[in-house]
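File shown: my_file-v7.txt. Contents: compact mmCIF, C-alpha atoms and all ligand atoms.
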```txt
# COMPACT_ATOMS: atom_id res chain seq x y z
CA MET A 20 -6.87 290.90 -41.38
CA LYS A 21 -10.01 292.06 -39.66
CA ILE A 22 -12.23 295.03 -40.31
CA GLY A 23 -13.40 297.35 -37.58
CA LEU A 24 -15.53 300.46 -37.35
CA GLY A 25 -14.47 303.45 -35.29
CA LEU A 26 -17.37 305.03 -33.42
CA TYR A 27 -17.38 308.38 -31.66
CA ARG A 28 -18.73 308.48 -28.13
CA ARG A 29 -22.28 309.50 -28.98
CA MET A 30 -22.44 306.82 -31.64
CA LEU A 31 -21.74 303.91 -29.26
CA ARG A 32 -25.27 302.57 -29.60
CA ASP A 33 -26.93 299.32 -30.57
CA ASP A 34 -28.05 300.60 -33.96
CA ASN A 35 -24.48 301.49 -34.92
CA PHE A 36 -23.15 298.17 -33.66
CA ARG A 37 -25.74 296.48 -35.84
CA PHE A 38 -24.72 298.67 -38.78
CA ALA A 39 -21.09 297.62 -38.28
CA LYS A 40 -22.05 293.96 -38.21
CA GLN A 41 -24.18 294.31 -41.33
CA ALA A 42 -21.36 296.03 -43.19
CA GLY A 43 -19.03 293.11 -42.51
CA CYS A 44 -17.06 294.39 -39.53
CA THR A 45 -15.96 292.08 -36.74
CA HIS A 46 -14.53 294.77 -34.46
CA ILE A 47 -15.31 298.16 -32.93
CA VAL A 48 -12.86 300.90 -32.02
CA ALA A 49 -14.50 303.16 -29.44
CA HIS A 50 -13.80 306.83 -28.80
CA LEU A 51 -14.76 307.82 -25.26
CA VAL A 52 -13.72 311.47 -25.55
CA ASP A 53 -16.76 313.50 -26.49
CA TYR A 54 -15.30 315.63 -29.27
CA PHE A 55 -17.83 315.71 -32.09
CA ARG A 56 -21.52 315.74 -32.30
CA GLU A 57 -22.77 312.81 -34.32
CA GLY A 58 -22.30 313.15 -38.03
CA ARG A 59 -19.85 316.01 -37.96
CA VAL A 60 -16.94 315.78 -40.35
CA HIS A 61 -13.74 314.79 -38.57
CA GLY A 62 -12.23 317.69 -36.73
CA SER A 63 -14.09 320.47 -38.37
CA ASP A 64 -16.65 322.77 -36.84
CA GLY A 65 -15.64 325.95 -38.64
CA GLN A 66 -13.83 327.25 -35.56
CA ASN A 67 -11.16 324.59 -35.44
CA SER A 68 -11.86 323.57 -31.89
CA TRP A 69 -13.02 320.18 -30.77
CA GLY A 70 -14.81 321.71 -27.79
CA PRO A 71 -14.61 321.14 -24.04
CA ALA A 72 -12.72 318.20 -22.58
CA GLY A 73 -14.34 315.82 -20.09
CA ASP A 74 -14.51 315.78 -16.31
CA PRO A 75 -11.00 315.85 -14.81
CA ASP A 76 -12.21 314.08 -11.67
CA GLN A 77 -14.07 311.31 -13.42
CA LEU A 78 -11.99 308.62 -15.09
CA TRP A 79 -13.73 306.09 -17.29
CA THR A 80 -14.97 303.50 -14.83
CA LEU A 81 -14.61 299.76 -14.88
CA GLU A 82 -18.38 299.58 -15.03
CA GLU A 83 -18.78 301.75 -18.12
CA LEU A 84 -15.96 299.93 -19.90
CA THR A 85 -17.52 296.59 -19.01
CA ASP A 86 -20.96 297.75 -20.17
CA LEU A 87 -19.50 298.96 -23.45
CA LYS A 88 -17.72 295.68 -24.10
CA ARG A 89 -20.85 293.73 -23.24
CA ALA A 90 -22.95 295.84 -25.62
CA VAL A 91 -20.44 295.35 -28.43
CA ASN A 92 -20.17 291.61 -27.77
CA ALA A 93 -23.96 291.28 -27.76
CA HIS A 94 -23.87 292.06 -31.49
CA GLY A 95 -21.25 289.42 -32.21
CA LEU A 96 -18.49 292.04 -32.36
CA GLU A 97 -15.23 292.46 -30.47
CA LEU A 98 -14.02 295.66 -28.84
CA ALA A 99 -10.63 296.08 -30.50
CA ALA A 100 -9.45 299.32 -28.92
CA ILE A 101 -10.25 302.49 -27.07
CA GLU A 102 -8.99 305.45 -29.07
CA ASN A 103 -7.58 308.61 -27.42
CA PHE A 104 -7.18 309.76 -23.87
CA ASP A 105 -9.29 312.70 -22.70
CA PRO A 106 -7.25 315.92 -22.37
CA ALA A 107 -8.99 316.34 -18.99
CA HIS A 108 -7.15 313.24 -17.80
CA TRP A 109 -3.66 313.92 -19.16
CA HIS A 110 -3.19 317.59 -20.13
CA ASP A 111 -0.26 317.99 -17.75
CA VAL A 112 1.37 314.87 -19.18
CA LEU A 113 1.34 316.62 -22.55
CA LEU A 114 2.26 320.00 -21.07
CA ALA A 115 4.68 318.84 -18.34
CA GLY A 116 2.48 320.71 -15.88
CA PRO A 117 2.20 320.47 -12.09
CA LYS A 118 -0.38 317.67 -12.16
CA ARG A 119 1.75 315.39 -14.34
CA ASP A 120 2.51 312.75 -11.70
CA ARG A 121 -1.11 312.56 -10.58
CA GLN A 122 -2.27 312.30 -14.18
CA LEU A 123 0.26 309.58 -14.97
CA ASP A 124 -1.33 307.68 -12.10
CA ASN A 125 -4.72 308.33 -13.75
CA LEU A 126 -3.47 306.85 -17.00
CA LYS A 127 -2.05 303.82 -15.22
CA ALA A 128 -5.41 303.22 -13.58
CA LEU A 129 -7.15 303.54 -16.93
CA ILE A 130 -4.79 301.10 -18.62
CA GLN A 131 -5.31 298.60 -15.81
CA ARG A 132 -9.09 298.90 -16.18
CA ILE A 133 -8.94 298.54 -19.93
CA GLY A 134 -6.83 295.42 -19.52
CA GLU A 135 -9.12 294.04 -16.86
CA VAL A 136 -12.13 294.42 -19.15
CA GLY A 137 -10.21 292.67 -21.92
CA VAL A 138 -9.65 295.44 -24.44
CA PRO A 139 -6.27 294.74 -26.04
CA VAL A 140 -5.31 298.19 -27.34
CA MET A 141 -5.33 301.82 -26.17
CA GLY A 142 -4.79 304.31 -28.99
CA TYR A 143 -3.36 307.74 -28.23
CA ASN A 144 -1.98 310.82 -29.93
CA PHE A 145 0.85 312.54 -28.06
CA SER A 146 0.35 316.00 -29.48
CA ILE A 147 0.07 319.53 -28.12
CA ALA A 148 -1.74 321.17 -31.04
CA GLY A 149 -3.61 318.00 -32.00
CA VAL A 150 -5.59 317.92 -35.22
CA TRP A 151 -5.88 321.59 -36.10
CA ALA A 152 -6.74 323.77 -39.12
CA HIS A 153 -8.58 321.11 -41.04
CA GLN A 154 -11.24 322.76 -43.15
CA GLU A 155 -14.47 321.25 -44.29
CA LEU A 156 -14.45 321.27 -48.11
CA PRO A 157 -16.33 319.62 -50.99
CA CYS A 158 -13.01 318.07 -52.07
CA ALA A 159 -13.85 314.40 -52.60
CA ARG A 160 -15.37 312.86 -55.71
CA GLY A 161 -18.70 314.37 -56.72
CA ASP A 162 -18.12 317.33 -54.39
CA ALA A 163 -18.52 315.12 -51.34
CA MET A 164 -17.68 316.99 -48.14
CA ALA A 165 -14.38 316.01 -46.62
CA VAL A 166 -11.51 317.90 -45.03
CA GLY A 167 -8.41 319.62 -46.33
CA PHE A 168 -5.38 321.34 -44.88
CA ASP A 169 -3.48 324.32 -46.28
CA ASN A 170 -1.15 325.25 -43.40
CA PRO A 171 -2.57 328.68 -42.55
CA THR A 172 -0.04 331.48 -42.13
CA ASP A 173 -2.02 332.76 -39.17
CA GLN A 174 -1.33 330.23 -36.42
CA PRO A 175 -2.37 331.74 -33.09
CA PRO A 176 -0.50 330.37 -30.08
CA ILE A 177 -2.37 327.84 -27.95
CA PRO A 178 -4.25 329.62 -25.15
CA ASN A 179 -3.84 328.59 -21.54
CA GLY A 180 -6.32 325.92 -20.53
CA HIS A 181 -6.30 324.40 -23.99
CA VAL A 182 -4.43 321.42 -25.41
CA TRP A 183 -4.94 318.87 -28.21
CA ASN A 184 -7.49 321.25 -29.69
CA MET A 185 -9.79 320.96 -26.68
CA THR A 186 -10.42 323.16 -23.65
CA TYR A 187 -9.61 321.43 -20.37
CA ASP A 188 -9.83 324.58 -18.20
CA PRO A 189 -12.29 327.29 -19.30
CA GLN A 190 -11.27 329.37 -16.25
CA ALA A 191 -7.59 329.47 -17.20
CA GLY A 192 -6.07 332.93 -17.10
CA PRO A 193 -5.14 334.94 -20.16
CA GLY A 194 -2.01 334.17 -22.11
CA ASP A 195 -0.80 331.16 -24.03
CA ILE A 196 1.38 328.12 -23.55
CA GLY A 197 4.17 329.57 -25.69
CA THR A 198 6.68 327.55 -27.68
CA VAL A 199 7.37 323.85 -27.16
CA ASP A 200 10.47 322.61 -28.97
CA SER A 201 11.13 319.14 -30.30
CA ASP A 202 13.63 317.97 -27.65
CA GLU A 203 11.29 319.03 -24.89
CA LEU A 204 8.34 317.21 -26.44
CA TRP A 205 10.32 314.01 -27.03
CA ASP A 206 11.33 314.16 -23.39
CA ARG A 207 7.70 314.44 -22.33
CA LEU A 208 6.87 311.42 -24.47
CA ARG A 209 9.72 309.50 -22.85
CA VAL A 210 8.37 310.29 -19.36
CA PHE A 211 4.93 309.08 -20.46
CA LEU A 212 6.17 305.84 -22.05
CA GLU A 213 8.54 304.97 -19.21
CA ALA A 214 5.68 305.34 -16.74
CA ILE A 215 2.90 303.68 -18.72
CA VAL A 216 4.47 300.94 -20.86
CA PRO A 217 5.35 298.66 -17.91
CA VAL A 218 1.77 298.97 -16.64
CA ALA A 219 0.43 298.23 -20.11
CA GLU A 220 2.65 295.14 -20.38
CA GLU A 221 1.32 293.90 -17.08
CA ALA A 222 -2.28 294.65 -18.10
CA GLY A 223 -1.98 292.96 -21.50
CA VAL A 224 -2.71 296.24 -23.34
CA ARG A 225 -0.79 297.62 -26.31
CA LEU A 226 -0.40 301.39 -26.41
CA ALA A 227 -0.86 302.50 -30.00
CA ALA A 228 0.52 305.86 -31.14
CA HIS A 229 -1.21 307.83 -33.86
CA PRO A 230 1.16 310.01 -35.92
CA ASP A 231 0.75 313.79 -36.00
CA ASP A 232 -2.15 314.81 -38.22
CA PRO A 233 -1.48 317.15 -39.99
CA PRO A 234 2.15 315.98 -40.13
CA MET A 235 3.86 319.36 -39.92
CA PRO A 236 7.17 319.79 -38.05
CA THR A 237 5.48 322.46 -35.93
CA LEU A 238 1.95 323.78 -35.54
CA ARG A 239 0.92 326.80 -33.48
CA ASP A 240 4.52 327.20 -32.19
CA THR A 241 4.60 323.66 -30.82
CA ALA A 242 6.74 320.83 -32.12
CA ARG A 243 5.24 317.62 -33.49
CA LEU A 244 6.71 314.18 -32.81
CA VAL A 245 5.83 311.82 -35.65
CA TYR A 246 5.64 313.92 -38.80
CA GLN A 247 7.91 311.74 -40.95
CA PRO A 248 7.66 307.94 -41.23
CA GLN A 249 11.04 307.12 -39.66
CA ARG A 250 10.09 309.03 -36.52
CA TYR A 251 7.89 306.11 -35.56
CA ASP A 252 11.15 304.14 -35.09
CA ARG A 253 12.35 306.76 -32.64
CA LEU A 254 9.11 306.42 -30.68
CA LEU A 255 9.35 302.62 -30.60
CA ASP A 256 13.03 302.67 -29.62
CA LEU A 257 12.42 304.99 -26.66
CA VAL A 258 10.91 302.11 -24.67
CA PRO A 259 11.14 298.85 -26.61
CA SER A 260 8.22 296.60 -25.76
CA ARG A 261 5.37 294.86 -27.50
CA ALA A 262 3.16 297.18 -25.45
CA ASN A 263 4.74 300.21 -27.14
CA ALA A 264 3.08 300.02 -30.54
CA LEU A 265 1.47 302.01 -33.34
CA GLU A 266 -1.94 303.15 -34.46
CA PHE A 267 -0.71 303.18 -38.04
CA CYS A 268 -2.62 305.86 -39.97
CA VAL A 269 -2.07 305.27 -43.69
CA GLY A 270 -3.63 308.62 -44.63
CA THR A 271 -1.39 310.59 -42.29
CA LEU A 272 1.70 308.68 -43.44
CA ALA A 273 0.76 309.50 -47.03
CA GLU A 274 0.57 313.21 -46.11
CA MET A 275 4.23 313.17 -44.96
CA THR A 276 6.89 314.64 -47.22
CA GLU A 277 9.63 312.04 -46.76
CA GLY A 278 9.76 308.31 -47.27
CA ASP A 279 7.06 306.22 -48.78
CA VAL A 280 3.87 304.91 -47.23
CA TYR A 281 4.39 301.40 -48.69
CA GLU A 282 7.94 301.10 -47.33
CA ALA A 283 6.72 302.38 -43.98
CA LEU A 284 3.91 299.80 -43.90
CA ALA A 285 6.36 297.00 -44.71
CA HIS A 286 8.91 298.24 -42.21
CA TYR A 287 6.55 298.57 -39.25
CA ALA A 288 4.63 295.41 -40.08
CA ARG A 289 7.98 293.59 -40.12
CA ARG A 290 8.73 295.05 -36.68
CA ASP A 291 5.35 293.69 -35.51
CA ALA A 292 4.69 297.18 -34.24
CA ILE A 293 1.27 297.79 -35.75
CA ALA A 294 -1.50 297.45 -33.17
CA TYR A 295 -4.17 298.54 -35.65
CA VAL A 296 -4.50 300.41 -38.91
CA HIS A 297 -6.39 303.56 -39.95
CA LEU A 298 -7.04 303.26 -43.66
CA ARG A 299 -8.04 306.34 -45.62
CA ASN A 300 -6.95 308.04 -48.79
CA VAL A 301 -5.65 311.51 -49.45
CA ARG A 302 -4.55 313.70 -52.32
CA GLY A 303 -1.39 315.75 -51.77
CA LYS A 304 0.99 316.11 -48.86
CA VAL A 305 1.69 318.78 -46.27
CA PRO A 306 1.57 321.72 -46.46
CA SER A 307 -1.52 321.15 -48.60
CA TYR A 308 -3.67 318.06 -48.94
CA ARG A 309 -7.26 316.89 -49.30
CA GLU A 310 -8.92 313.84 -47.79
CA VAL A 311 -10.81 311.84 -50.42
CA PHE A 312 -12.68 308.56 -50.88
CA ILE A 313 -10.71 305.42 -50.22
CA ASP A 314 -10.67 304.44 -53.91
CA GLU A 315 -9.37 307.77 -55.21
CA GLY A 316 -6.32 309.73 -54.10
CA ASP A 317 -2.63 308.97 -53.94
CA VAL A 318 -2.54 305.68 -52.05
CA ASP A 319 -2.96 302.40 -53.92
CA MET A 320 -5.03 300.63 -51.29
CA LEU A 321 -4.72 297.19 -52.82
CA ARG A 322 -0.94 297.58 -52.74
CA ALA A 323 -1.14 298.66 -49.09
CA LEU A 324 -3.33 295.68 -48.19
CA ARG A 325 -1.04 293.33 -50.11
CA ILE A 326 1.94 294.57 -48.08
CA LEU A 327 0.10 294.03 -44.79
CA HIS A 328 -1.03 290.56 -45.90
CA GLY A 329 2.49 289.73 -47.09
CA HIS A 330 3.86 290.52 -43.64
CA ASP A 331 1.22 288.37 -41.94
CA TYR A 332 -0.53 291.34 -40.40
CA ASP A 333 -3.54 289.84 -38.68
CA GLY A 334 -4.83 292.86 -36.80
CA VAL A 335 -7.73 295.23 -37.22
CA ILE A 336 -8.14 297.78 -40.00
CA ILE A 337 -10.66 300.61 -39.64
CA PRO A 338 -11.68 303.11 -42.31
CA ASP A 339 -10.60 306.13 -40.23
CA HIS A 340 -12.70 309.06 -41.42
CA THR A 341 -14.31 309.22 -44.84
CA PRO A 342 -15.98 311.88 -46.98
CA GLN A 343 -19.68 312.29 -46.31
CA MET A 344 -22.06 311.10 -49.00
CA THR A 345 -25.10 313.10 -50.05
CA CYS A 346 -28.08 311.25 -48.59
CA ASP A 347 -30.03 310.95 -45.37
CA ALA A 348 -27.12 309.24 -43.59
CA PRO A 349 -23.94 310.92 -44.90
CA TRP A 350 -21.56 309.47 -42.32
CA HIS A 351 -22.93 305.94 -42.52
CA ALA A 352 -22.97 305.91 -46.30
CA GLY A 353 -19.34 307.03 -46.37
CA MET A 354 -18.39 304.32 -43.92
CA ALA A 355 -20.37 301.60 -45.71
CA HIS A 356 -18.60 302.52 -48.94
CA ALA A 357 -15.15 302.37 -47.32
CA ILE A 358 -15.84 299.14 -45.43
CA GLY A 359 -17.14 297.45 -48.57
CA TYR A 360 -14.06 298.52 -50.48
CA ILE A 361 -11.67 297.33 -47.74
CA ARG A 362 -13.52 294.04 -47.47
CA ALA A 363 -13.21 293.41 -51.18
CA GLY A 364 -9.56 294.44 -51.05
CA ILE A 365 -8.79 292.00 -48.25
CA GLN A 366 -10.54 289.17 -50.09
CA ALA A 367 -8.64 290.02 -53.27
CA VAL A 368 -5.20 290.00 -51.65
CA GLN A 369 -5.98 286.87 -49.64
CA ARG A 370 -6.86 285.13 -52.91
CA GLY A 371 -3.69 286.41 -54.54
CA LEU A 372 -5.51 288.54 -57.11
CA LYS A 373 -3.30 291.13 -58.81
MN MN A 401 -5.95 308.45 -38.46
```
Step by step, read the file and then write its structure as structure tokens.
Ligand SMILES: [Mn+2]
Amino acid sequence: MKIGLGLYRRMLRDDNFRFAKQAGCTHIVAHLVDYFREGRVHGSDGQNSWGPAGDPDQLWTLEELTDLKRAVNAHGLELAAIENFDPAHWHDVLLAGPKRDRQLDNLKALIQRIGEVGVPVMGYNFSIAGVWAHQELPCARGDAMAVGFDNPTDQPPIPNGHVWNMTYDPQAGPGDIGTVDSDELWDRLRVFLEAIVPVAEEAGVRLAAHPDDPPMPTLRDTARLVYQPQRYDRLLDLVPSRANALEFCVGTLAEMTEGDVYEALAHYARRDAIAYVHLRNVRGKVPSYREVFIDEGDVDMLRALRILHGHDYDGVIIPDHTPQMTCDAPWHAGMAHAIGYIRAGIQAVQRGLK
């Protein structure tokens, strides 16, 4: 098992690569969508929007992907994955809009580039509402700032021009996208996978699906796909392929009301479906939960790591998001704490410690 650090777009810099190396990481997971300013708590700006999407006419270029990989490699690190498509590049794939075919071609081109550069995984989250209604709260140990979810009763419909909690068209007319039911959304996922998985196979890239966070059956009148653990099987079975894989988020799985995060880990590790792992802890489940430090909360992390090790999982684990620690570098301190804990946990399970 290998440890990676996920870095948001504005953090893809030499100093952060060096930080990752120093903390004991061997891999980087890079976000190219510009959703947060540096240091902001995951998904929370007080207004529950992740801001404007990118340029619809500008796909990530071969050159910028190559430069990124070179910069990562220069620090003795590997680029494990790119995480998340930009809503600007695939909003009509999510919304079954008029540009869907053109945008599927965009995604194919991106997957080919990512494969050409030698990045083995592309993480994505097939979700209309995205991560929404997380609130910034002092809910982790010592009143550390983290995020919580309490399923607000007021769930305004998603305005036109907006998807995945970002604005892809600020000029969109008034009105909202209305209701999207489960069958319709599964069908949109099927269209996406049938188009992209063969290209990913050819390119040597695994698509890795993040579950719905928060894992509610619906949010803002739109269905969610993977809000219970067994729904990952449905996603995998839609288009069976090694290129159709999972970005297995332990924290999100723990927030689900059915099943058991340990059984789910064992099951999907046995299927060899896990492209990489998000490891974070949480207290509670939907409709109300709090993100906490990795060594508090409901998930026994050593047990989770032992299950992965026992199923010969040899992929990358990243800390996902963490609470922010009170100091001059709140994000980095939180990450260093989580990485140190995961590193010790991996060493313990590899040595057979109980
Ligand atoms: Mn996650």
(request) Work out how far CA of Ala363 in chain A is from CA of Val140 in chain A, in Å to one decimal. (result)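 It comes out at 25.6 Å.
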Distance table requested - range 174-285 of chain A against range 337-354 of chain A, cut-off 12 Å, only C-alpha atoms: one row per qualifying residue with the closest atom pair and its distance in Å to one decimal, ordered by chain and rising residue number, as CSV.
```
residue,atom,partner,partner_atom,distance
A:His229,CA,A:Asp339,CA,11.5
A:Glu266,CA,A:Ile337,CA,10.5
A:Phe267,CA,A:Ile337,CA,10.4
A:Cys268,CA,A:Asp339,CA,8.0
A:Val269,CA,A:Asp339,CA,9.2
A:Gly270,CA,A:Asp339,CA,8.6
A:Thr271,CA,A:Asp339,CA,10.4
```
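If you measure from each of A:Pro233, A:Gly364, A:Gly359, A:Pro106 to ligand MN 401 (chain A) using all atoms listed in the file, the closest one turns out to be A:Pro233.
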Dump as a compact mmCIF listing (two decimals) with C-alpha atoms, keeping the file's coordinate frame all residues having an atom at most 9 Å from (-19.9, 307.5, -28.8), computed in the file's coordinates with only C-alpha atoms.
```
# COMPACT_ATOMS: atom_id res chain seq x y z
CA LEU A 26 -17.37 305.03 -33.42
CA TYR A 27 -17.38 308.38 -31.66
CA ARG A 28 -18.73 308.48 -28.13
CA ARG A 29 -22.28 309.50 -28.98
CA MET A 30 -22.44 306.82 -31.64
CA LEU A 31 -21.74 303.91 -29.26
CA ARG A 32 -25.27 302.57 -29.60
CA ALA A 49 -14.50 303.16 -29.44
CA HIS A 50 -13.80 306.83 -28.80
CA LEU A 51 -14.76 307.82 -25.26
CA VAL A 52 -13.72 311.47 -25.55
CA ASP A 53 -16.76 313.50 -26.49
CA GLU A 57 -22.77 312.81 -34.32
```
(request) May I ask for the distance between CA of Leu98 in chain A and CA of His328 in chain A, given in Å to one decimal place? (result) 22.0 Å
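The nearest approach to Ala159 in chain A among the residues A:Ile336, A:Val311, A:Val138, A:Ala357, with all atoms listed in the file taken into account, belongs to A:Val311.
For the pair CA of Ser307 in chain A and CA of Leu255 in chain A, the interatomic distance is 28.0 Å.
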(message) Quick one: residues within 12 Å of Leu272 in chain A, all atoms listed in the file, excluding same-chain residues fewer than 2 positions away - as an MDAnalysis selection string?
(response) chainID A and resid 229:235 245:251 266:270 274:284 287 296:305 317:318 323
(request) Extract, using all atoms listed in the file, all DNA, RNA and protein residues at most 12 Å from range 78-81 of chain A, discarding same-chain residues fewer than 2 positions from it, and format them as a ChimeraX atom specification. (result) /A:50-52,73-76,83-88,101,104-109,122,124-138
(message) Residues near Thr186 in chain A, anyone? I mean within 9 Å using all atoms listed in the file, not counting same-chain ones fewer than 6 positions away, as number ranges by chain.
(response) A: 68-72, 106-107, 179-180
Select all residues near (0.0, 330.2, -23.9) (cut-off 9 Å, inclusive, file coordinates), counting all atoms listed in the file, and output them as a PDB file with C-alpha atoms, in the frame of the given file.
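Here's the written file part01.pdb:
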```pdb
ATOM      1  CA  PRO A 176      -0.500 330.370 -30.080  1.00  0.00           C
ATOM      2  CA  ILE A 177      -2.370 327.840 -27.950  1.00  0.00           C
ATOM      3  CA  PRO A 178      -4.250 329.620 -25.150  1.00  0.00           C
ATOM      4  CA  ASN A 179      -3.840 328.590 -21.540  1.00  0.00           C
ATOM      5  CA  GLY A 180      -6.320 325.920 -20.530  1.00  0.00           C
ATOM      6  CA  HIS A 181      -6.300 324.400 -23.990  1.00  0.00           C
ATOM      7  CA  PRO A 193      -5.140 334.940 -20.160  1.00  0.00           C
ATOM      8  CA  GLY A 194      -2.010 334.170 -22.110  1.00  0.00           C
ATOM      9  CA  ASP A 195      -0.800 331.160 -24.030  1.00  0.00           C
ATOM     10  CA  ILE A 196       1.380 328.120 -23.550  1.00  0.00           C
ATOM     11  CA  GLY A 197       4.170 329.570 -25.690  1.00  0.00           C
ATOM     12  CA  THR A 198       6.680 327.550 -27.680  1.00  0.00           C
TER      13      THR A 198
END
```
(request) Between A:Ala292, A:Asn103, A:Ala219, A:Phe211, single out the one closest to ligand MN 401 (chain A), counting all atoms listed in the file. (result) A:Asn103
